[in-house]
$ cat work.pdb   # PDB, C-alpha atoms
MODEL        1
ATOM      1  CA  MET A   1      26.172 -11.247   1.458
ATOM      2  CA  ALA A   2      26.843 -10.518  -2.193
ATOM      3  CA  GLY A   3      23.713 -10.657  -4.276
ATOM      4  CA  THR A   4      22.400 -13.761  -5.900
ATOM      5  CA  ALA A   5      20.190 -12.593  -8.724
ATOM      6  CA  HIS A   6      17.199 -14.872  -9.061
ATOM      7  CA  LYS A   7      15.244 -15.165 -12.285
ATOM      8  CA  HIS A   8      13.272 -12.118 -13.352
ATOM      9  CA  PRO A   9       9.711 -12.534 -14.585
ATOM     10  CA  ASN A  10       8.316 -10.550 -17.519
ATOM     11  CA  TYR A  11       7.859  -7.256 -15.652
ATOM     12  CA  MET A  12       6.255  -5.441 -18.576
ATOM     13  CA  ALA A  13       3.525  -8.097 -18.777
ATOM     14  CA  ILE A  14       2.819  -7.579 -15.046
ATOM     15  CA  PHE A  15       2.749  -3.814 -15.635
ATOM     16  CA  TRP A  16       0.104  -4.202 -18.356
ATOM     17  CA  TYR A  17      -1.975  -6.563 -16.195
ATOM     18  CA  LEU A  18      -1.887  -3.976 -13.371
ATOM     19  CA  ALA A  19      -2.757  -1.105 -15.718
ATOM     20  CA  ILE A  20      -5.652  -3.044 -17.288
ATOM     21  CA  LEU A  21      -6.972  -4.120 -13.866
ATOM     22  CA  THR A  22      -6.878  -0.457 -12.729
ATOM     23  CA  VAL A  23      -8.933   0.595 -15.783
ATOM     24  CA  ILE A  24     -11.404  -2.251 -15.099
ATOM     25  CA  GLU A  25     -11.655  -1.108 -11.441
ATOM     26  CA  ILE A  26     -12.585   2.411 -12.520
ATOM     27  CA  GLY A  27     -15.075   1.009 -15.058
ATOM     28  CA  VAL A  28     -16.704  -1.242 -12.438
ATOM     29  CA  ILE A  29     -17.946   1.674 -10.305
ATOM     30  CA  TYR A  30     -20.088   2.898 -13.222
ATOM     31  CA  LEU A  31     -21.698  -0.512 -13.882
ATOM     32  CA  PRO A  32     -25.459  -0.724 -13.268
ATOM     33  CA  LEU A  33     -25.006  -3.233 -10.448
ATOM     34  CA  GLY A  34     -25.869  -3.322  -6.765
ATOM     35  CA  LYS A  35     -23.496  -1.701  -4.257
ATOM     36  CA  PHE A  36     -22.674  -5.064  -2.698
ATOM     37  CA  THR A  37     -21.785  -6.645  -6.065
ATOM     38  CA  ILE A  38     -19.614  -3.661  -7.010
ATOM     39  CA  GLY A  39     -17.910  -3.869  -3.584
ATOM     40  CA  VAL A  40     -17.151  -7.569  -4.011
ATOM     41  CA  LEU A  41     -15.815  -6.991  -7.552
ATOM     42  CA  LEU A  42     -13.594  -4.099  -6.392
ATOM     43  CA  CYS A  43     -12.217  -6.121  -3.455
ATOM     44  CA  ALA A  44     -11.455  -9.042  -5.781
ATOM     45  CA  LEU A  45      -9.711  -6.756  -8.305
ATOM     46  CA  ALA A  46      -7.681  -5.029  -5.568
ATOM     47  CA  LEU A  47      -6.611  -8.380  -4.118
ATOM     48  CA  GLY A  48      -5.682  -9.550  -7.614
ATOM     49  CA  LYS A  49      -3.503  -6.464  -8.168
ATOM     50  CA  ALA A  50      -1.904  -6.772  -4.716
ATOM     51  CA  THR A  51      -1.165 -10.443  -5.394
ATOM     52  CA  LEU A  52       0.536  -9.581  -8.709
ATOM     53  CA  VAL A  53       2.729  -6.955  -6.981
ATOM     54  CA  ALA A  54       3.637  -9.298  -4.103
ATOM     55  CA  MET A  55       4.236 -12.398  -6.225
ATOM     56  CA  TYR A  56       6.190 -10.860  -9.108
ATOM     57  CA  PHE A  57       7.541  -7.431  -8.108
ATOM     58  CA  MET A  58       8.357  -8.540  -4.536
ATOM     59  CA  HIS A  59       9.431 -11.968  -5.853
ATOM     60  CA  LEU A  60       7.285 -13.803  -3.304
ATOM     61  CA  LYS A  61       6.629 -16.458  -5.954
ATOM     62  CA  PHE A  62      10.316 -17.369  -5.837
ATOM     63  CA  GLU A  63      10.650 -17.288  -2.038
ATOM     64  CA  THR A  64       9.994 -19.985   0.551
ATOM     65  CA  LEU A  65       6.413 -20.833   1.475
ATOM     66  CA  THR A  66       6.986 -19.749   5.100
ATOM     67  CA  LEU A  67       7.815 -16.221   3.935
ATOM     68  CA  GLY A  68       4.527 -16.261   2.038
ATOM     69  CA  TRP A  69       2.688 -17.129   5.252
ATOM     70  CA  ILE A  70       4.417 -14.226   7.028
ATOM     71  CA  ALA A  71       3.349 -11.907   4.211
ATOM     72  CA  ILE A  72      -0.295 -13.006   4.215
ATOM     73  CA  THR A  73      -0.770 -12.893   8.019
ATOM     74  CA  PRO A  74      -1.507  -9.101   8.151
ATOM     75  CA  LEU A  75      -4.335  -9.560   5.624
ATOM     76  CA  ALA A  76      -5.905 -12.254   7.807
ATOM     77  CA  ILE A  77      -5.533 -10.045  10.914
ATOM     78  CA  ALA A  78      -7.113  -7.034   9.143
ATOM     79  CA  THR A  79     -10.039  -9.126   7.879
ATOM     80  CA  LEU A  80     -10.590 -10.517  11.356
ATOM     81  CA  LEU A  81     -10.428  -7.005  12.792
ATOM     82  CA  VAL A  82     -13.287  -5.822  10.542
ATOM     83  CA  PHE A  83     -15.536  -8.538  11.960
ATOM     84  CA  ILE A  84     -14.427  -7.701  15.515
ATOM     85  CA  LEU A  85     -15.188  -3.988  15.014
ATOM     86  CA  LEU A  86     -18.505  -4.321  13.167
ATOM     87  CA  PRO A  87     -20.721  -5.445  16.093
ATOM     88  CA  ASP A  88     -19.457  -2.524  18.185
ATOM     89  CA  GLY A  89     -20.000  -0.119  15.285
ATOM     90  CA  PHE A  90     -23.553  -1.317  14.672
ATOM     91  CA  ALA A  91     -24.296  -0.965  18.397
ATOM     92  CA  VAL A  92     -23.129   2.672  18.237
ATOM     93  CA  LEU A  93     -25.253   3.254  15.102
ATOM     94  CA  LYS A  94     -28.307   1.774  16.820
ATOM     95  CA  THR A  95     -27.804   4.001  19.866
ATOM     96  CA  THR A  96     -27.275   7.074  17.662
ATOM     97  CA  GLU A  97     -30.370   6.354  15.592
ATOM     98  CA  ALA A  98     -32.428   5.697  18.774
ATOM     99  CA  GLY A  99     -31.129   8.951  20.246
ATOM    100  CA  LYS A 100     -32.109  10.924  17.141
ATOM    101  CA  LYS A 101     -35.791   9.873  17.119
ATOM    102  CA  PRO A 102     -36.901  11.295  20.513
ATOM    103  CA  ALA A 103     -34.887  14.459  19.814
ATOM    104  CA  ALA A 104     -36.816  14.975  16.570
ATOM    105  CA  THR A 105     -40.195  14.460  18.215
ATOM    106  CA  ALA A 106     -39.373  16.316  21.440
ATOM    107  CA  PRO A 107     -40.230  19.900  20.269
ATOM    108  CA  ALA A 108     -43.728  18.809  19.189
ATOM    109  CA  LYS A 109     -44.641  17.861  22.791
ATOM    110  CA  HIS A 110     -44.057  21.346  24.141
TER     111      HIS A 110
ATOM    112  CA  MET B 111      21.998 -29.787  20.004
ATOM    113  CA  ALA B 112      24.988 -28.120  18.429
ATOM    114  CA  THR B 113      25.623 -24.537  19.466
ATOM    115  CA  ALA B 114      27.263 -22.024  17.155
ATOM    116  CA  THR B 115      29.581 -19.314  18.393
ATOM    117  CA  VAL B 116      28.216 -16.001  17.162
ATOM    118  CA  HIS B 117      30.725 -13.391  16.099
ATOM    119  CA  SER B 118      29.377  -9.892  15.755
ATOM    120  CA  ALA B 119      31.421  -9.055  12.647
ATOM    121  CA  VAL B 120      30.109 -11.811  10.400
ATOM    122  CA  GLU B 121      26.746 -13.285   9.604
ATOM    123  CA  PRO B 122      26.979 -16.623  11.472
ATOM    124  CA  ALA B 123      24.528 -18.568   9.371
ATOM    125  CA  GLU B 124      22.112 -18.264   6.520
ATOM    126  CA  THR B 125      18.490 -17.761   7.380
ATOM    127  CA  PRO B 126      16.465 -20.596   5.863
ATOM    128  CA  LEU B 127      13.707 -18.142   4.897
ATOM    129  CA  THR B 128      15.852 -15.701   2.923
ATOM    130  CA  PRO B 129      19.204 -17.367   2.148
ATOM    131  CA  GLU B 130      20.481 -14.170   0.453
ATOM    132  CA  SER B 131      20.676 -12.161   3.662
ATOM    133  CA  TRP B 132      19.254 -11.530   7.099
ATOM    134  CA  GLY B 133      18.536  -7.984   5.958
ATOM    135  CA  LYS B 134      15.911  -9.244   3.545
ATOM    136  CA  LEU B 135      14.198 -11.200   6.317
ATOM    137  CA  GLY B 136      14.388  -8.077   8.477
ATOM    138  CA  MET B 137      12.643  -6.034   5.795
ATOM    139  CA  TRP B 138       9.921  -8.678   5.389
ATOM    140  CA  ALA B 139       9.382  -8.697   9.168
ATOM    141  CA  PHE B 140       9.146  -4.884   9.164
ATOM    142  CA  LEU B 141       6.738  -4.911   6.220
ATOM    143  CA  ALA B 142       4.523  -7.519   7.886
ATOM    144  CA  GLY B 143       4.337  -5.287  10.967
ATOM    145  CA  ASP B 144       3.707  -2.184   8.862
ATOM    146  CA  ALA B 145       1.005  -4.039   6.934
ATOM    147  CA  VAL B 146      -0.757  -4.743  10.231
ATOM    148  CA  GLY B 147      -0.671  -0.973  10.869
ATOM    149  CA  PHE B 148      -2.236  -0.191   7.490
ATOM    150  CA  GLY B 149      -4.612  -3.148   7.837
ATOM    151  CA  THR B 150      -5.807  -1.812  11.186
ATOM    152  CA  LEU B 151      -6.403   1.649   9.729
ATOM    153  CA  LEU B 152      -8.308   0.284   6.731
ATOM    154  CA  ALA B 153     -10.307  -2.149   8.875
ATOM    155  CA  GLY B 154     -11.218   0.723  11.207
ATOM    156  CA  TYR B 155     -12.198   2.807   8.174
ATOM    157  CA  GLY B 156     -14.387  -0.024   6.859
ATOM    158  CA  ALA B 157     -16.116  -0.542  10.189
ATOM    159  CA  MET B 158     -16.726   3.221  10.694
ATOM    160  CA  ARG B 159     -18.091   3.565   7.195
ATOM    161  CA  ALA B 160     -20.337   0.505   7.380
ATOM    162  CA  THR B 161     -21.895   1.744  10.606
ATOM    163  CA  SER B 162     -22.233   5.423   9.678
ATOM    164  CA  GLY B 163     -25.548   6.863   8.612
ATOM    165  CA  ASP B 164     -24.173   9.813   6.618
ATOM    166  CA  TRP B 165     -20.894   8.648   5.094
ATOM    167  CA  PRO B 166     -20.409  10.419   1.737
ATOM    168  CA  SER B 167     -19.800   8.505  -1.471
ATOM    169  CA  PRO B 168     -16.001   8.934  -1.861
ATOM    170  CA  TYR B 169     -15.829   8.963  -5.654
ATOM    171  CA  ASP B 170     -18.451  11.715  -5.778
ATOM    172  CA  VAL B 171     -16.650  14.056  -3.370
ATOM    173  CA  LEU B 172     -12.980  13.170  -3.788
ATOM    174  CA  GLY B 173     -12.774  12.754  -7.544
ATOM    175  CA  ILE B 174     -10.875   9.786  -8.911
ATOM    176  CA  ASN B 175      -9.206  11.108 -12.072
ATOM    177  CA  LEU B 176      -6.172  12.489 -10.237
ATOM    178  CA  THR B 177      -5.857   9.492  -7.925
ATOM    179  CA  ALA B 178      -6.181   7.088 -10.876
ATOM    180  CA  LEU B 179      -3.209   8.935 -12.397
ATOM    181  CA  MET B 180      -1.356   8.656  -9.063
ATOM    182  CA  THR B 181      -2.077   4.908  -9.004
ATOM    183  CA  PHE B 182      -0.712   4.553 -12.532
ATOM    184  CA  LEU B 183       2.362   6.541 -11.514
ATOM    185  CA  LEU B 184       3.120   4.229  -8.585
ATOM    186  CA  ILE B 185       2.683   1.153 -10.798
ATOM    187  CA  CYS B 186       5.145   2.704 -13.285
ATOM    188  CA  SER B 187       7.595   3.426 -10.455
ATOM    189  CA  SER B 188       7.356  -0.203  -9.318
ATOM    190  CA  VAL B 189       8.317  -1.265 -12.842
ATOM    191  CA  THR B 190      11.315   1.100 -12.908
ATOM    192  CA  MET B 191      12.339  -0.309  -9.502
ATOM    193  CA  VAL B 192      12.399  -3.909 -10.746
ATOM    194  CA  LYS B 193      14.181  -2.733 -13.898
ATOM    195  CA  ALA B 194      16.877  -1.120 -11.710
ATOM    196  CA  LEU B 195      17.375  -4.443  -9.949
ATOM    197  CA  GLU B 196      17.384  -6.302 -13.261
ATOM    198  CA  TRP B 197      20.112  -4.031 -14.672
ATOM    199  CA  LEU B 198      22.115  -4.402 -11.480
ATOM    200  CA  GLY B 199      21.873  -8.170 -11.838
ATOM    201  CA  ARG B 200      23.262  -7.806 -15.368
ATOM    202  CA  GLY B 201      26.159  -5.745 -14.012
ATOM    203  CA  ASP B 202      25.116  -2.412 -15.572
ATOM    204  CA  LYS B 203      25.490   0.045 -12.698
ATOM    205  CA  THR B 204      24.758   3.144 -14.792
ATOM    206  CA  ARG B 205      21.396   1.854 -16.022
ATOM    207  CA  ALA B 206      20.541   0.668 -12.506
ATOM    208  CA  ILE B 207      21.197   4.165 -11.107
ATOM    209  CA  GLN B 208      19.174   5.681 -13.948
ATOM    210  CA  TYR B 209      16.152   3.488 -13.129
ATOM    211  CA  LEU B 210      16.528   4.124  -9.391
ATOM    212  CA  PHE B 211      16.365   7.839 -10.198
ATOM    213  CA  TYR B 212      13.185   7.348 -12.271
ATOM    214  CA  THR B 213      11.648   5.451  -9.343
ATOM    215  CA  ALA B 214      12.491   8.211  -6.856
ATOM    216  CA  LEU B 215      11.171  10.799  -9.329
ATOM    217  CA  GLY B 216       7.896   8.875  -9.647
ATOM    218  CA  GLY B 217       7.568   8.855  -5.868
ATOM    219  CA  ALA B 218       8.330  12.591  -5.629
ATOM    220  CA  ILE B 219       5.675  13.397  -8.264
ATOM    221  CA  PHE B 220       3.195  11.171  -6.386
ATOM    222  CA  VAL B 221       3.757  13.097  -3.137
ATOM    223  CA  SER B 222       3.444  16.425  -5.003
ATOM    224  CA  LEU B 223       0.118  15.340  -6.532
ATOM    225  CA  GLN B 224      -1.086  14.243  -3.105
ATOM    226  CA  ALA B 225      -0.163  17.666  -1.686
ATOM    227  CA  TYR B 226      -2.145  19.267  -4.548
ATOM    228  CA  GLU B 227      -5.151  17.003  -3.823
ATOM    229  CA  TRP B 228      -5.034  17.769  -0.082
ATOM    230  CA  THR B 229      -4.841  21.526  -0.740
ATOM    231  CA  HIS B 230      -7.833  21.325  -3.090
ATOM    232  CA  LEU B 231      -9.912  19.338  -0.572
ATOM    233  CA  ILE B 232      -8.948  21.584   2.361
ATOM    234  CA  HIS B 233     -10.106  24.603   0.315
ATOM    235  CA  GLN B 234     -13.405  22.790  -0.240
ATOM    236  CA  GLY B 235     -13.832  22.497   3.537
ATOM    237  CA  LEU B 236     -12.613  18.958   4.236
ATOM    238  CA  HIS B 237     -10.488  18.977   7.391
ATOM    239  CA  ILE B 238      -9.320  16.379   9.873
ATOM    240  CA  ASN B 239     -12.200  17.412  12.183
ATOM    241  CA  GLN B 240     -14.675  18.739   9.621
ATOM    242  CA  ASN B 241     -16.499  17.350   6.588
ATOM    243  CA  PRO B 242     -18.973  19.437   4.584
ATOM    244  CA  TRP B 243     -20.461  16.298   2.987
ATOM    245  CA  GLY B 244     -21.473  14.321   6.088
ATOM    246  CA  ALA B 245     -19.694  12.238   8.736
ATOM    247  CA  THR B 246     -16.775  14.073  10.373
ATOM    248  CA  LEU B 247     -14.860  10.812  10.655
ATOM    249  CA  PHE B 248     -14.657  10.736   6.847
ATOM    250  CA  GLY B 249     -12.249  13.695   6.959
ATOM    251  CA  THR B 250     -10.353  12.232   9.914
ATOM    252  CA  SER B 251      -9.835   8.829   8.305
ATOM    253  CA  PHE B 252      -9.080  10.305   4.874
ATOM    254  CA  PHE B 253      -6.240  12.525   6.101
ATOM    255  CA  LEU B 254      -4.949   9.907   8.532
ATOM    256  CA  ILE B 255      -4.742   7.039   6.042
ATOM    257  CA  THR B 256      -3.588   8.974   2.955
ATOM    258  CA  GLY B 257      -1.196  10.948   5.175
ATOM    259  CA  PHE B 258       0.275   7.779   6.686
ATOM    260  CA  HIS B 259       0.762   6.398   3.174
ATOM    261  CA  GLY B 260       2.184   9.710   1.920
ATOM    262  CA  LEU B 261       4.747   9.619   4.749
ATOM    263  CA  HIS B 262       5.757   6.149   3.600
ATOM    264  CA  VAL B 263       6.218   7.399   0.033
ATOM    265  CA  THR B 264       8.270  10.367   1.278
ATOM    266  CA  GLY B 265      10.420   7.989   3.337
ATOM    267  CA  GLY B 266      10.718   5.764   0.286
ATOM    268  CA  VAL B 267      11.967   8.621  -1.907
ATOM    269  CA  ILE B 268      14.662   9.442   0.686
ATOM    270  CA  TYR B 269      15.526   5.724   0.891
ATOM    271  CA  LEU B 270      15.815   5.485  -2.917
ATOM    272  CA  VAL B 271      18.013   8.583  -3.169
ATOM    273  CA  SER B 272      20.299   7.061  -0.529
ATOM    274  CA  MET B 273      20.341   3.822  -2.564
ATOM    275  CA  ILE B 274      21.550   5.764  -5.625
ATOM    276  CA  ARG B 275      24.576   6.833  -3.553
ATOM    277  CA  TYR B 276      24.904   3.288  -2.191
ATOM    278  CA  VAL B 277      25.118   1.804  -5.702
ATOM    279  CA  ALA B 278      27.329   4.607  -7.041
ATOM    280  CA  ASN B 279      29.870   4.153  -4.217
ATOM    281  CA  ARG B 280      30.366   0.430  -4.852
ATOM    282  CA  PRO B 281      32.563  -0.517  -7.805
ATOM    283  CA  ASP B 282      31.112  -4.036  -8.027
ATOM    284  CA  PRO B 283      27.399  -3.995  -8.993
ATOM    285  CA  ALA B 284      26.884  -7.412  -7.369
ATOM    286  CA  ALA B 285      27.867  -5.923  -4.006
ATOM    287  CA  SER B 286      24.827  -3.641  -3.983
ATOM    288  CA  TYR B 287      22.282  -6.103  -5.458
ATOM    289  CA  ASN B 288      21.014  -7.295  -2.104
ATOM    290  CA  GLY B 289      20.648  -3.767  -0.705
ATOM    291  CA  VAL B 290      18.678  -2.616  -3.753
ATOM    292  CA  GLU B 291      16.459  -5.699  -3.622
ATOM    293  CA  ILE B 292      15.613  -4.902   0.033
ATOM    294  CA  ALA B 293      14.852  -1.262  -0.897
ATOM    295  CA  GLY B 294      12.684  -2.599  -3.731
ATOM    296  CA  LEU B 295      10.659  -4.677  -1.273
ATOM    297  CA  TYR B 296       9.836  -1.521   0.657
ATOM    298  CA  TRP B 297       8.911   0.407  -2.503
ATOM    299  CA  HIS B 298       6.645  -2.329  -3.877
ATOM    300  CA  PHE B 299       4.966  -2.564  -0.482
ATOM    301  CA  VAL B 300       4.157   1.160  -0.694
ATOM    302  CA  ASP B 301       2.648   0.506  -4.139
ATOM    303  CA  LEU B 302       0.684  -2.491  -2.820
ATOM    304  CA  VAL B 303      -0.734  -0.470   0.061
ATOM    305  CA  TRP B 304      -1.810   2.293  -2.340
ATOM    306  CA  ILE B 305      -3.685  -0.283  -4.432
ATOM    307  CA  MET B 306      -5.705  -1.066  -1.285
ATOM    308  CA  VAL B 307      -6.090   2.583  -0.234
ATOM    309  CA  PHE B 308      -7.220   3.588  -3.753
ATOM    310  CA  THR B 309      -9.838   0.840  -3.808
ATOM    311  CA  PHE B 310     -11.189   1.221  -0.274
ATOM    312  CA  MET B 311     -11.012   5.009   0.109
ATOM    313  CA  TYR B 312     -11.740   6.262  -3.407
ATOM    314  CA  LEU B 313     -13.626   3.628  -5.406
ATOM    315  CA  LEU B 314     -15.798   1.745  -2.921
TER     316      LEU B 314
ENDMDL
END
$ encode --input "work.pdb" --output "structure tokens"
Amino acid sequence: MAGTAHKHPNYMAIFWYLAILTVIEIGVIYLPLGKFTIGVLLCALALGKATLVAMYFMHLKFETLTLGWIAITPLAIATLLVFILLPDGFAVLKTTEAGKKPAATAPAKH
Amino acid sequence: MATATVHSAVEPAETPLTPESWGKLGMWAFLAGDAVGFGTLLAGYGAMRATSGDWPSPYDVLGINLTALMTFLLICSSVTMVKALEWLGRGDKTRAIQYLFYTALGGAIFVSLQAYEWTHLIHQGLHINQNPWGATLFGTSFFLITGFHGLHVTGGVIYLVSMIRYVANRPDPAASYNGVEIAGLYWHFVDLVWIMVFTFMYLL
């Protein structure tokens, strides 16, 4: 049970990478780009930062591959969940929008 | 197939996934489950936002200067956490305790800043069932997700303070290495989740 200290990466280098990526993230939202492009860039930067934390701070890089699969499973489930929820959400939006139109025109008939 | 007799007082065998301890595997299993919880909340947030006609632009209404500082603070506290483990590995208990204290302090400041942010937004009219800038669900999801994360940070601070006692009470630094590493996994997970929350709820 006593600890076996595995090798420690250069934590300060990881800290600087994370700090720089955070500054880039904040800079990205002010770029004159489309919303979709900004969204993709922000998702990529966030995943990059999360990967750095998991691989080096949580030492996943030095663990077994199976543990890595356990760690990545929630991300896959969450991504899948977005695609499961979206059709239902768009159906609700369509119904709401359709419901708004007659309501807006209704007073003019009377 | 050979069968092993399991005695409750000793760990019968090493886990092939985390040879250091079963506790570490237990923490990873907990974190994977917790990540599904956060993933579900964020996926729900994404779906609600994508299909809402009047969702406000978060960085216009929430303000990102304070939360950028909070993000930086959590990254710093993750560094102090790994430094605590590093010093413990080198056998320096005093330095390890010192860095554990810095980590807990970082977490406590984070929660305080979140309380300040919540108070400010509530005064502006954002409530769990009310949003002056558009979709009501914006307020609901904001308080639910940041609150769930804030509870994790609060739990983490209590966990870290208990780890300070845990390290202090053991004469041999190597005896507490595994426990601190497991606590570190939890703390870095809290940092990792905030990276996602900051991006999806404040920047996007």
$ residues_around --input "work.pdb" --residues "region 44-53 of chain A" --least-positions-apart "2" --cutoff "7 Å" --atoms "all atoms listed in the file" --output "CSV table (one decimal) with C-alpha atoms, keeping the file's coordinate frame"
chain,number,residue,atom,x,y,z
A,18,LEU,CA,-1.9,-4.0,-13.4
A,21,LEU,CA,-7.0,-4.1,-13.9
A,25,GLU,CA,-11.7,-1.1,-11.4
A,40,VAL,CA,-17.2,-7.6,-4.0
A,41,LEU,CA,-15.8,-7.0,-7.6
A,42,LEU,CA,-13.6,-4.1,-6.4
A,55,MET,CA,4.2,-12.4,-6.2
A,56,TYR,CA,6.2,-10.9,-9.1
A,57,PHE,CA,7.5,-7.4,-8.1
A,58,MET,CA,8.4,-8.5,-4.5
B,298,HIS,CA,6.6,-2.3,-3.9
B,302,LEU,CA,0.7,-2.5,-2.8
B,305,ILE,CA,-3.7,-0.3,-4.4
B,306,MET,CA,-5.7,-1.1,-1.3
B,309,THR,CA,-9.8,0.8,-3.8
$ closest_residue --input "work.pdb" --among "B:Pro242, B:Gly235, B:Gly149, B:Gly156" --to "Ala76 (chain A)" --atoms "only C-alpha atoms"
B:Gly149
$ interface_residues --input "work.pdb" --of "chain A" --to "chain B" --cutoff "8 Å" --atoms "all atoms listed in the file" --output "PyMOL selection string"
chain A and resi 1-5+8+11-12+15+18-19+22+25-26+29+38-39+42-43+46-47+49-50+53-54+57-58+63-64+66-67+70-71+73-75+77-79+81-82+85-86+89-90+92-93
$ atom_distance --input "work.pdb" --atom1 "CA of Asn239 (chain B)" --atom2 "CA of Glu97 (chain A)"
21.5 Å
$ resolve_selection --input "work.pdb" --expression "the PyMOL selection byres ((chain B and resi 261) around 12)" --output "list in words"
Gly217, Ala218, Phe220, Val221, Ser222, Gln224, Ala225, Phe253, Leu254, Ile255, Thr256, Gly257, Phe258, His259, Gly260, His262, Val263, Thr264, Gly265, Gly266, Val267, Ile268 and Val300 of chain B
$ atom_distance --input "work.pdb" --atom1 "CA of Tyr209 (chain B)" --atom2 "CA of Trp228 (chain B)"
28.7 Å
$ atom_distance --input "work.pdb" --atom1 "CA of Leu172 (chain B)" --atom2 "CA of Gly34 (chain A)"
21.1 Å
